[in-house]
$ cat data.txt   # compact mmCIF, C-alpha atoms
# COMPACT_ATOMS: atom_id res chain seq x y z
CA MET A 30 85.85 89.90 103.12
CA LYS A 31 88.46 92.66 103.11
CA ARG A 32 88.32 94.99 106.09
CA ILE A 33 89.34 98.64 106.19
CA GLY A 34 92.26 99.59 108.40
CA ASN A 35 94.24 102.73 109.22
CA ILE A 36 91.40 105.17 108.54
CA TRP A 37 91.47 107.09 111.82
CA GLU A 38 93.78 109.78 110.47
CA LYS A 39 91.58 110.29 107.42
CA PHE A 40 88.51 110.37 109.67
CA CYS A 41 90.05 113.10 111.85
CA SER A 42 91.34 115.16 108.93
CA LYS A 43 90.06 118.70 108.58
CA GLU A 44 89.00 118.06 104.97
CA VAL A 45 86.61 115.29 106.04
CA ILE A 46 85.27 117.33 108.96
CA HIS A 47 84.72 120.35 106.70
CA GLU A 48 82.80 118.19 104.22
CA ALA A 49 80.79 116.58 107.04
CA ILE A 50 79.67 119.98 108.38
CA LEU A 51 78.38 120.96 104.94
CA ASN A 52 76.62 117.59 104.50
CA ALA A 53 75.01 117.74 107.94
CA ALA A 54 73.77 121.28 107.26
CA LYS A 55 71.82 120.35 104.12
CA GLY A 56 68.15 121.17 104.60
CA LYS A 57 68.77 122.51 108.13
CA ARG A 58 70.03 126.04 107.50
CA LYS A 59 66.93 127.51 109.12
CA TYR A 60 68.28 126.52 112.56
CA ARG A 61 70.33 129.14 114.38
CA LYS A 62 73.04 126.73 115.55
CA VAL A 63 73.54 125.41 112.02
CA ARG A 64 73.91 128.93 110.61
CA LYS A 65 76.37 129.75 113.37
CA ALA A 66 78.52 126.73 112.50
CA LEU A 67 78.49 127.57 108.78
CA ALA A 68 79.43 131.19 109.46
CA ASN A 69 82.50 130.02 111.44
CA ILE A 70 83.14 126.73 109.67
CA ASP A 71 86.94 126.85 110.02
CA LYS A 72 86.67 127.47 113.76
CA PHE A 73 84.25 124.55 114.25
CA THR A 74 86.40 122.32 112.03
CA ASP A 75 89.47 122.99 114.17
CA LEU A 76 87.46 122.44 117.36
CA LEU A 77 86.13 119.03 116.28
CA HIS A 78 89.55 118.03 114.92
CA GLU A 79 91.02 118.70 118.36
CA MET A 80 88.24 116.77 120.11
CA LEU A 81 88.77 113.68 117.93
CA THR A 82 92.57 113.65 117.97
CA LYS A 83 92.65 114.05 121.77
CA SER A 84 89.80 111.51 122.23
CA THR A 85 87.69 113.96 124.23
CA PHE A 86 84.53 113.48 122.16
CA ILE A 87 81.62 112.04 124.18
CA PRO A 88 78.14 111.51 122.67
CA SER A 89 75.52 113.93 123.99
CA PRO A 90 72.36 112.63 125.69
CA TYR A 91 69.35 112.20 123.43
CA ILE A 92 66.38 114.56 123.45
CA THR A 93 63.24 112.49 122.85
CA SER A 94 59.85 113.46 121.48
CA ILE A 95 56.75 111.61 120.26
CA MET A 96 55.79 112.07 116.61
CA LYS A 97 52.61 110.80 114.98
CA THR A 98 53.08 109.55 111.42
CA GLU A 99 50.64 109.96 108.52
CA TYR A 100 49.41 106.41 109.23
CA GLY A 101 48.45 107.26 112.81
CA LYS A 102 51.41 105.48 114.41
CA GLU A 103 53.27 107.07 117.29
CA ARG A 104 57.05 106.92 117.14
CA GLU A 105 59.64 108.02 119.67
CA ILE A 106 62.14 110.30 117.92
CA PHE A 107 65.66 110.77 119.28
CA LYS A 108 67.50 114.03 118.56
CA LEU A 109 71.16 114.96 118.94
CA PRO A 110 72.85 118.38 118.71
CA PHE A 111 74.10 119.45 115.29
CA PHE A 112 77.61 119.96 116.62
CA PRO A 113 79.50 117.82 117.34
CA ASP A 114 77.27 114.71 117.33
CA ARG A 115 75.59 114.86 113.92
CA VAL A 116 78.79 116.08 112.28
CA VAL A 117 80.73 113.13 113.72
CA GLN A 118 78.16 110.69 112.30
CA HIS A 119 78.55 112.29 108.86
CA CYS A 120 82.33 111.92 109.18
CA ILE A 121 81.87 108.20 109.83
CA SER A 122 79.60 107.95 106.78
CA ILE A 123 82.19 109.64 104.54
CA VAL A 124 85.00 107.22 105.40
CA LEU A 125 83.02 103.97 105.84
CA ARG A 126 80.12 104.28 103.41
CA PRO A 127 82.21 103.22 100.34
CA ARG A 128 83.03 99.93 102.09
CA TRP A 129 79.47 99.41 103.29
CA ASN A 130 78.04 100.02 99.80
CA LYS A 131 80.09 97.13 98.39
CA SER A 132 78.36 94.65 100.70
CA PHE A 133 74.76 95.67 99.98
CA THR A 134 72.79 93.56 97.52
CA SER A 135 70.92 95.14 94.61
CA ASP A 136 67.58 94.36 96.33
CA SER A 137 67.86 97.09 98.99
CA TYR A 138 66.89 100.63 98.00
CA ALA A 139 66.36 102.97 100.95
CA CYS A 140 68.93 105.54 102.13
CA LEU A 141 71.56 104.44 99.60
CA ILE A 142 73.17 106.83 97.12
CA GLY A 143 72.26 106.04 93.51
CA ARG A 144 69.32 103.84 94.50
CA GLY A 145 65.68 104.58 95.05
CA ILE A 146 62.09 104.11 94.00
CA ASN A 147 62.54 105.99 90.69
CA CYS A 148 66.32 106.42 90.30
CA LYS A 149 67.98 106.72 86.88
CA GLU A 150 69.91 103.44 86.89
CA ALA A 151 67.55 100.60 85.98
CA ARG A 152 69.40 98.08 88.16
CA TYR A 153 68.54 100.07 91.30
CA ASN A 154 65.13 101.42 90.20
CA LEU A 155 62.60 99.75 92.50
CA ASN A 156 59.55 100.80 90.48
CA LYS A 157 60.84 99.34 87.21
CA LYS A 158 62.10 96.14 88.83
CA VAL A 159 58.74 95.39 90.47
CA LYS A 160 56.91 96.02 87.17
CA LYS A 161 59.36 93.79 85.31
CA ALA A 162 58.99 91.01 87.88
CA ILE A 163 55.18 91.13 87.66
CA GLY A 164 55.39 91.04 83.86
CA GLU A 165 57.15 87.66 84.00
CA TYR A 166 53.92 86.12 85.38
CA LYS A 167 51.78 87.48 82.58
CA HIS A 168 50.04 84.21 81.69
CA GLY A 169 50.15 82.34 84.99
CA PRO A 170 49.18 82.75 88.63
CA LEU A 171 51.02 85.28 90.81
CA TYR A 172 51.12 85.46 94.60
CA CYS A 173 52.78 88.00 96.86
CA LEU A 174 54.25 87.61 100.35
CA LYS A 175 54.37 90.88 102.28
CA MET A 176 55.93 91.21 105.70
CA ASP A 177 57.72 93.76 107.82
CA ILE A 178 59.79 93.57 110.96
CA LYS A 179 58.12 94.41 114.26
CA LYS A 180 59.58 97.60 115.81
CA CYS A 181 62.68 97.15 113.69
CA TYR A 182 64.86 100.02 114.91
CA PRO A 183 64.34 99.59 118.70
CA SER A 184 64.66 95.79 118.38
CA ILE A 185 68.14 95.71 116.82
CA ASP A 186 70.62 93.74 118.92
CA ASN A 187 73.52 96.11 119.62
CA GLN A 188 76.00 93.25 120.02
CA ILE A 189 75.10 91.83 116.60
CA LEU A 190 75.66 95.28 115.07
CA ALA A 191 79.01 95.59 116.86
CA ASP A 192 80.10 92.22 115.43
CA LEU A 193 79.01 93.29 111.94
CA ASN A 194 81.00 96.53 112.24
CA ARG A 195 84.09 94.40 112.79
CA ARG A 196 83.48 92.68 109.45
CA TYR A 197 84.03 95.97 107.66
CA CYS A 198 86.60 97.79 109.79
CA LYS A 199 89.67 96.73 111.79
CA ASP A 200 90.92 100.13 112.94
CA PRO A 201 90.78 99.91 116.78
CA LYS A 202 90.15 103.63 117.34
CA MET A 203 87.33 103.70 114.79
CA LEU A 204 85.75 100.57 116.30
CA GLU A 205 85.95 102.15 119.74
CA LEU A 206 84.05 105.20 118.45
CA LEU A 207 81.46 103.02 116.66
CA ASP A 208 80.86 101.06 119.86
CA LEU A 209 80.51 104.33 121.77
CA LEU A 210 77.70 105.40 119.45
CA ASN A 211 76.19 101.92 119.08
CA PHE A 212 75.84 101.15 122.79
CA ASN A 213 74.48 104.61 123.63
CA GLY A 214 71.01 103.13 124.26
CA LYS A 215 69.01 100.01 123.36
CA GLY A 216 68.55 99.33 119.66
CA LEU A 217 68.92 101.98 116.97
CA PRO A 218 67.42 105.38 117.83
CA ILE A 219 64.99 106.69 115.20
CA GLY A 220 66.33 110.09 114.14
CA ASN A 221 70.05 109.25 114.16
CA PHE A 222 71.75 109.73 110.82
CA LEU A 223 73.71 106.48 111.14
CA SER A 224 70.63 104.45 112.14
CA GLN A 225 69.39 104.28 108.54
CA LEU A 226 72.75 102.98 107.33
CA TRP A 227 73.18 100.55 110.21
CA ILE A 228 69.71 99.06 109.66
CA ASN A 229 70.77 98.22 106.11
CA ILE A 230 73.97 96.63 107.37
CA VAL A 231 72.03 94.35 109.72
CA LEU A 232 69.35 93.45 107.18
CA THR A 233 71.92 92.77 104.46
CA VAL A 234 72.51 89.50 106.34
CA LEU A 235 68.84 88.71 105.67
CA ASP A 236 69.15 89.79 102.02
CA ARG A 237 71.97 87.35 101.41
CA PHE A 238 70.13 84.51 103.14
CA ILE A 239 67.06 85.06 100.93
CA LYS A 240 69.02 85.43 97.70
CA GLU A 241 71.83 82.91 98.23
CA VAL A 242 70.23 80.23 100.43
CA LEU A 243 66.54 80.37 99.54
CA LYS A 244 67.35 81.31 95.90
CA VAL A 245 64.45 83.78 95.70
CA LYS A 246 64.42 85.48 92.32
CA HIS A 247 61.91 88.26 92.91
CA TYR A 248 62.69 89.80 96.29
CA PHE A 249 62.51 93.48 97.24
CA ARG A 250 63.25 95.28 100.51
CA TYR A 251 62.64 98.93 101.35
CA MET A 252 64.05 99.40 104.86
CA ASP A 253 62.12 96.78 106.90
CA ASP A 254 59.28 96.36 104.36
CA ILE A 255 59.78 93.03 102.55
CA THR A 256 58.05 91.75 99.40
CA LEU A 257 58.49 88.38 97.64
CA LEU A 258 56.76 87.14 94.46
CA HIS A 259 56.17 83.60 93.20
CA SER A 260 53.67 81.63 91.14
CA GLU A 261 53.02 79.04 93.90
CA LYS A 262 51.43 79.91 97.21
CA GLY A 263 52.98 76.89 98.93
CA VAL A 264 56.51 78.00 98.08
CA LEU A 265 55.84 81.42 99.61
CA ASN A 266 54.56 79.72 102.77
CA GLN A 267 57.83 77.77 103.09
CA TRP A 268 59.89 80.92 102.53
CA GLN A 269 57.83 82.78 105.08
CA TRP A 270 58.59 80.37 107.91
CA ARG A 271 62.27 80.05 107.01
CA ILE A 272 62.65 83.84 106.96
CA MET A 273 60.86 84.16 110.30
CA ASN A 274 63.14 81.51 111.85
CA PHE A 275 66.24 83.19 110.43
CA LEU A 276 65.24 86.59 111.80
CA TRP A 277 64.42 85.16 115.22
CA TYR A 278 67.45 82.90 115.75
CA VAL A 279 70.17 84.79 113.85
CA LEU A 280 69.26 88.50 114.05
CA HIS A 281 67.00 88.34 117.14
CA LEU A 282 64.17 90.13 115.31
CA GLU A 283 60.45 89.35 115.00
CA VAL A 284 58.11 89.64 112.04
CA ASN A 285 54.96 91.72 112.40
CA GLN A 286 51.69 89.74 112.66
CA LYS A 287 50.30 91.61 109.63
CA ARG A 288 52.30 89.39 107.25
CA GLN A 289 50.16 87.80 104.54
CA ILE A 290 50.16 85.94 101.23
CA PHE A 291 47.62 86.98 98.60
CA PRO A 292 47.01 86.74 94.83
CA VAL A 293 47.95 89.82 92.82
CA GLY A 294 44.95 91.13 90.86
CA ARG A 295 44.77 92.38 87.29
CA TYR A 296 42.14 95.12 87.58
CA ARG A 297 41.49 98.04 89.92
CA THR A 298 38.71 96.22 91.71
CA GLU A 299 41.21 93.50 92.73
CA ARG A 300 43.99 93.71 95.27
CA GLY A 301 47.41 94.99 94.28
CA ILE A 302 50.82 95.18 95.97
CA ASP A 303 50.88 98.31 98.12
CA PHE A 304 54.61 98.96 98.25
CA ALA A 305 56.92 102.01 98.23
CA GLY A 306 54.21 104.55 97.44
CA TYR A 307 52.55 102.64 94.58
CA VAL A 308 49.92 99.96 94.14
CA PHE A 309 51.20 97.41 91.62
CA ARG A 310 48.70 95.26 89.72
CA ARG A 311 49.26 92.96 86.78
CA ASN A 312 47.74 95.36 84.24
CA SER A 313 48.48 98.73 85.84
CA THR A 314 50.45 100.67 88.41
CA MET A 315 48.71 103.40 90.39
CA VAL A 316 49.93 105.83 93.00
CA ARG A 317 48.96 105.17 96.60
CA LYS A 318 45.65 106.75 97.62
CA ARG A 319 47.14 108.81 100.45
CA ILE A 320 49.67 110.39 98.07
CA LYS A 321 46.91 111.22 95.60
CA GLN A 322 44.85 112.88 98.32
CA SER A 323 47.83 114.82 99.64
CA PHE A 324 48.64 116.06 96.11
CA ALA A 325 45.08 117.32 95.65
CA ARG A 326 45.22 119.22 98.94
CA LYS A 327 48.56 120.85 98.14
CA ARG A 328 47.90 121.56 94.46
CA HIS A 329 48.15 125.34 95.05
CA LEU A 330 51.64 125.18 96.61
CA GLU A 331 54.21 125.81 93.89
CA LYS A 332 57.02 124.03 95.76
CA SER A 333 54.97 120.88 96.37
CA VAL A 334 53.51 120.27 92.91
CA PRO A 335 56.77 119.21 91.12
CA SER A 336 57.53 116.51 93.70
CA TYR A 337 54.05 114.98 93.39
CA VAL A 338 54.19 115.15 89.59
CA GLY A 339 57.55 113.38 89.74
CA ILE A 340 55.94 110.52 91.68
CA ILE A 341 52.81 110.21 89.54
CA GLN A 342 54.54 110.40 86.14
CA HIS A 343 56.23 107.03 86.85
CA CYS A 344 52.89 105.22 86.98
CA ASP A 345 49.61 105.19 85.05
CA GLY A 346 48.64 108.63 86.34
CA LYS A 347 48.68 110.95 83.34
CA ASN A 348 44.98 111.73 83.62
CA LEU A 349 45.31 112.30 87.36
CA ILE A 350 47.93 115.02 86.83
CA GLU A 351 45.73 116.75 84.25
CA LYS A 352 42.70 116.53 86.52
CA ILE A 353 44.47 118.03 89.53
CA ILE A 354 46.64 120.71 87.91
CA LYS A 355 44.93 121.82 84.71
CA ARG A 356 41.31 121.78 85.87
CA ASP A 357 42.25 123.09 89.34
CA ASN A 358 39.28 124.45 91.32
CA ASP A 359 36.72 123.26 88.78
CA MET A 360 37.56 119.62 89.38
CA ASN A 361 35.44 117.35 91.52
CA LEU A 362 37.65 116.46 94.46
CA ALA A 363 35.04 113.97 95.70
CA GLN A 364 36.20 111.71 92.87
CA LEU A 365 39.61 111.65 94.53
CA GLY A 366 38.12 110.55 97.84
CA ILE A 367 38.68 113.89 99.63
CA LYS A 368 36.63 116.95 100.44
CA LYS A 369 37.05 120.26 98.69
CA ILE A 370 38.14 122.91 101.18
CA GLU A 371 38.03 126.46 99.85
CA ARG A 372 39.32 128.08 103.07
CA PRO A 373 41.83 126.01 105.03
CA PHE A 374 41.46 126.61 108.75
CA GLU A 375 44.35 127.21 111.14
CA GLY A 376 45.33 125.50 114.35
CA ASP A 377 44.62 122.02 115.66
CA ASN A 378 41.35 120.12 115.43
CA ILE A 379 39.48 120.07 118.73
CA LYS A 380 36.46 118.01 119.78
CA ILE A 381 33.32 119.99 120.48
CA GLU A 382 32.98 118.32 123.91
CA ALA A 383 36.12 120.19 125.03
CA ILE A 384 34.55 123.63 124.48
CA ILE A 385 31.04 123.05 125.85
CA ASP A 386 29.95 125.77 128.34
CA ARG A 387 33.20 127.67 127.80
CA PRO A 388 33.60 131.03 126.04
CA ILE A 389 34.85 130.96 122.44
CA GLN A 390 35.19 133.42 119.57
CA VAL A 391 33.92 132.37 116.13
CA LEU A 392 36.37 133.63 113.48
CA ASP A 393 35.14 131.88 110.32
CA PHE A 394 32.93 128.99 109.27
CA GLU A 395 31.86 126.81 106.36
CA VAL A 396 28.44 125.13 106.05
CA ARG A 397 27.92 122.68 103.21
CA PRO A 398 25.72 119.64 102.43
CA SER A 399 26.92 116.46 104.10
CA GLU A 400 28.42 113.86 101.77
CA LYS A 401 27.51 110.98 104.10
CA LYS A 402 24.01 111.85 105.33
CA PRO A 403 21.49 113.18 102.78
CA ASN A 404 19.38 116.22 103.65
CA THR A 405 21.78 117.28 106.40
CA ASP A 406 24.56 119.87 106.65
CA TYR A 407 28.19 119.66 107.68
CA LEU A 408 29.87 122.45 109.66
CA LYS A 409 33.52 123.40 109.88
CA MET A 410 34.17 126.35 112.20
CA GLN A 411 37.33 128.34 112.92
CA ILE A 412 37.38 129.48 116.56
CA ARG A 413 39.65 131.12 119.09
CA PHE A 414 39.70 129.11 122.33
CA GLU A 415 41.88 129.95 125.33
CA GLY A 416 43.88 132.38 123.19
CA LYS A 417 44.69 129.85 120.43
CA LYS A 418 43.17 129.27 117.01
CA ARG A 419 41.41 125.92 116.70
CA PHE A 420 38.80 124.42 114.39
CA VAL A 421 35.87 122.10 115.03
CA GLY A 422 33.76 120.14 112.58
CA GLY A 423 30.70 117.92 112.53
CA GLY A 424 27.06 117.56 111.58
CA TYR A 425 25.66 119.93 114.23
CA GLN A 426 22.31 120.97 112.72
CA PHE A 427 21.32 123.64 115.31
CA LEU A 428 24.67 125.36 114.82
CA CYS A 429 24.37 125.09 111.04
CA GLU A 430 20.92 126.71 110.98
CA VAL A 431 22.16 129.70 112.98
CA LEU A 432 25.34 130.20 110.99
CA LYS A 433 23.45 130.12 107.68
CA GLN A 434 21.82 133.37 108.78
CA VAL A 435 25.09 135.03 109.86
CA ASN A 436 26.74 137.53 107.54
CA LYS A 437 30.48 136.99 107.23
CA LYS A 438 30.95 140.74 107.67
CA ASP A 439 29.72 140.38 111.28
CA LEU A 440 32.61 138.07 112.18
CA PRO A 441 34.17 137.54 114.63
CA PHE A 442 31.65 137.20 117.48
CA ASP A 443 31.85 135.81 121.02
CA THR A 444 29.53 133.03 122.15
CA ILE A 445 29.16 129.86 124.23
CA ILE A 446 28.08 126.45 122.93
CA ARG A 447 25.60 124.53 125.07
CA ASN A 448 24.44 120.91 124.84
CA LYS A 449 20.80 120.04 125.44
CA ARG A 450 19.28 117.56 122.99
CA GLY A 451 21.98 118.74 120.57
CA TYR A 452 24.70 121.40 120.38
CA TYR A 453 23.52 125.01 120.01
CA PHE A 454 24.71 128.59 120.57
CA GLU A 455 23.65 130.12 123.88
CA GLY A 456 20.41 132.10 123.54
CA THR A 457 19.39 130.69 120.15
CA ILE A 458 16.80 128.14 121.38
CA ASP A 459 14.46 127.80 124.34
CA GLU A 460 16.70 126.40 127.10
CA GLU A 461 13.89 125.57 129.54

$ encode --input "data.txt" --output "structure tokens"
Amino acid sequence: MKRIGNIWEKFCSKEVIHEAILNAAKGKRKYRKVRKALANIDKFTDLLHEMLTKSTFIPSPYITSIMKTEYGKEREIFKLPFFPDRVVQHCISIVLRPRWNKSFTSDSYACLIGRGINCKEARYNLNKKVKKAIGEYKHGPLYCLKMDIKKCYPSIDNQILADLNRRYCKDPKMLELLDLLNFNGKGLPIGNFLSQLWINIVLTVLDRFIKEVLKVKHYFRYMDDITLLHSEKGVLNQWQWRIMNFLWYVLHLEVNQKRQIFPVGRYRTERGIDFAGYVFRRNSTMVRKRIKQSFARKRHLEKSVPSYVGIIQHCDGKNLIEKIIKRDNDMNLAQLGIKKIERPFEGDNIKIEAIIDRPIQVLDFEVRPSEKKPNTDYLKMQIRFEGKKRFVGGGYQFLCEVLKQVNKKDLPFDTIIRNKRGYYFEGTIDEE
């Protein structure tokens, strides 16, 4: 394997730094510090050039925050300043990415230029490759092995990554900088620009083991989400344990307990492969339910619609697009598994227990028949609580009966919610 040498001068060049500032600013021009750097790009280029040539660059401490994903998971996000930290990482990407790309197999798709779920080149189009692989089992049994790595980013062994960096680069100054960034905390911090590239470098070792040692024909990896296909369940069981042993003893990683082997169904009532935003079955490919629901909610946002259409048009979703876009408000959103909301409410959802016996201001409300309990109503109410807009929802029948008699022209009004054999507005029932 040929290693890159003598790239420090190119890395420190003003041309590379200038390009890195522009790359790091993409999609972040709303931030004041980014706009300031772009307005004085020559000044910031000279400043970073001086820092790198004189070896005075030191990584800044991380700012951490907790983010909840759409699946309900909580992740710790690490943030670095735009200048100089994020710009330096983009500089590293510019000079080393061409060498890294040569080592990646064609079975990895995330965070790589020219590859993706629906990219133009068929060789790196994940959607088409999964469909083609399933089509080869048209007349026989088909089983799927799905697994992902437990806490992949925080669990990366920094020493293993440092050794892998030395397989691609032999410039001592560049390796010193890579080690400075690599050992700046345990594992790979989620939020770092280089973390997504480095995770691919580490897992490429796994890719080559699966393809070259196990000789797996139909293998796909999207970041740490792994999918293998075969006609025999026993073969997948053998591969599963060999992959788990390889991850544990070679890369010091652990597979999530949710791993499973299951038959791939033909029809919608049977189980499909939920992977990379789609559900693949032997006779059809459908978009993931959460994406469908999100599209229906955001169908009125002009900037959001094209992206969702781009996802759905690569599966069997022609009728879904027509239903959501063309029929618009007349469509039955219950068929999509979501509720039709005519007036979206502002602020965060708050439990009704948190506002009991405390003054609130009712700003707006919606009372409609409950979809779960027949002959009952469902209430969604926009309130102002402690100076902030919040909303509360539930099947509170006493509240619903009162609000049905309220004219929207009389809003807003101040009140207090009490709880005695059910939630009610103060003064609306006999409280003795």

$ closest_residue --input "data.txt" --among "A:Tyr182, A:Trp129, A:Phe40, A:Phe442" --to "Arg196 (chain A)" --atoms "all atoms listed in the file"
A:Trp129

$ closest_residue --input "data.txt" --among "A:Asn274, A:Ser94, A:Asn69, A:Thr256" --to "Arg288 (chain A)" --atoms "all atoms listed in the file"
A:Thr256

$ atom_distance --input "data.txt" --atom1 "CA of Leu210 (chain A)" --atom2 "CA of His78 (chain A)"
17.9 Å

$ atom_distance --input "data.txt" --atom1 "CA of Cys344 (chain A)" --atom2 "CA of Val316 (chain A)"
6.7 Å

$ closest_residue --input "data.txt" --among "A:Ile272, A:Ile230, A:Val159, A:Ile123" --to "Asp303 (chain A)" --atoms "all atoms listed in the file"
A:Val159

$ atom_distance --input "data.txt" --atom1 "CA of Asn211 (chain A)" --atom2 "CA of Ile255 (chain A)"
24.9 Å

$ residues_around --input "data.txt" --residues "Leu243 (chain A)" --least-positions-apart "4" --cutoff "9 Å" --atoms "only C-alpha atoms" --output "PyMOL selection string"
chain A and resi 238-239+268+271

$ closest_residue --input "data.txt" --among "A:Glu261, A:Asp200, A:Asp177, A:Glu241" --to "Met273 (chain A)" --atoms "all atoms listed in the file"
A:Asp177

$ closest_residue --input "data.txt" --among "A:Tyr248, A:Tyr337, A:Phe275, A:Trp37" --to "Ser135 (chain A)" --atoms "only C-alpha atoms"
A:Tyr248

$ closest_atom_pairs --input "data.txt" --of "region 30-56 of chain A" --to "region 215-228 of chain A" --cutoff "12 Å" --atoms "only C-alpha atoms" --output "JSON lines"
{"residue": "A:Ala49", "atom": "CA", "partner": "A:Phe222", "partner_atom": "CA", "distance": 12.0}
{"residue": "A:Asn52", "atom": "CA", "partner": "A:Phe222", "partner_atom": "CA", "distance": 11.2}
{"residue": "A:Ala53", "atom": "CA", "partner": "A:Phe222", "partner_atom": "CA", "distance": 9.1}

$ closest_residue --input "data.txt" --among "A:Met80, A:Leu428, A:Ile178, A:Leu141" --to "Gln286 (chain A)" --atoms "all atoms listed in the file"
A:Ile178

$ residues_near_point --input "data.txt" --point "(87.6, 117.0, 115.0)" --cutoff "9 Å" --atoms "only C-alpha atoms" --output "list in words"
Phe40, Cys41, Ser42, Lys43, Ile46, Phe73, Thr74, Asp75, Leu76, Leu77, His78, Glu79, Met80, Leu81, Thr82, Lys83, Phe86, Pro113 and Val117 of chain A

$ axis_aligned_box --input "data.txt" --around "region 54-72 of chain A" --padding-each-side "5 Å" --output "lines of an AutoDock Vina configuration file"
center_x = 76.9
center_y = 125.8
center_z = 109.8
size_x = 30.0
size_y = 20.8
size_z = 21.4
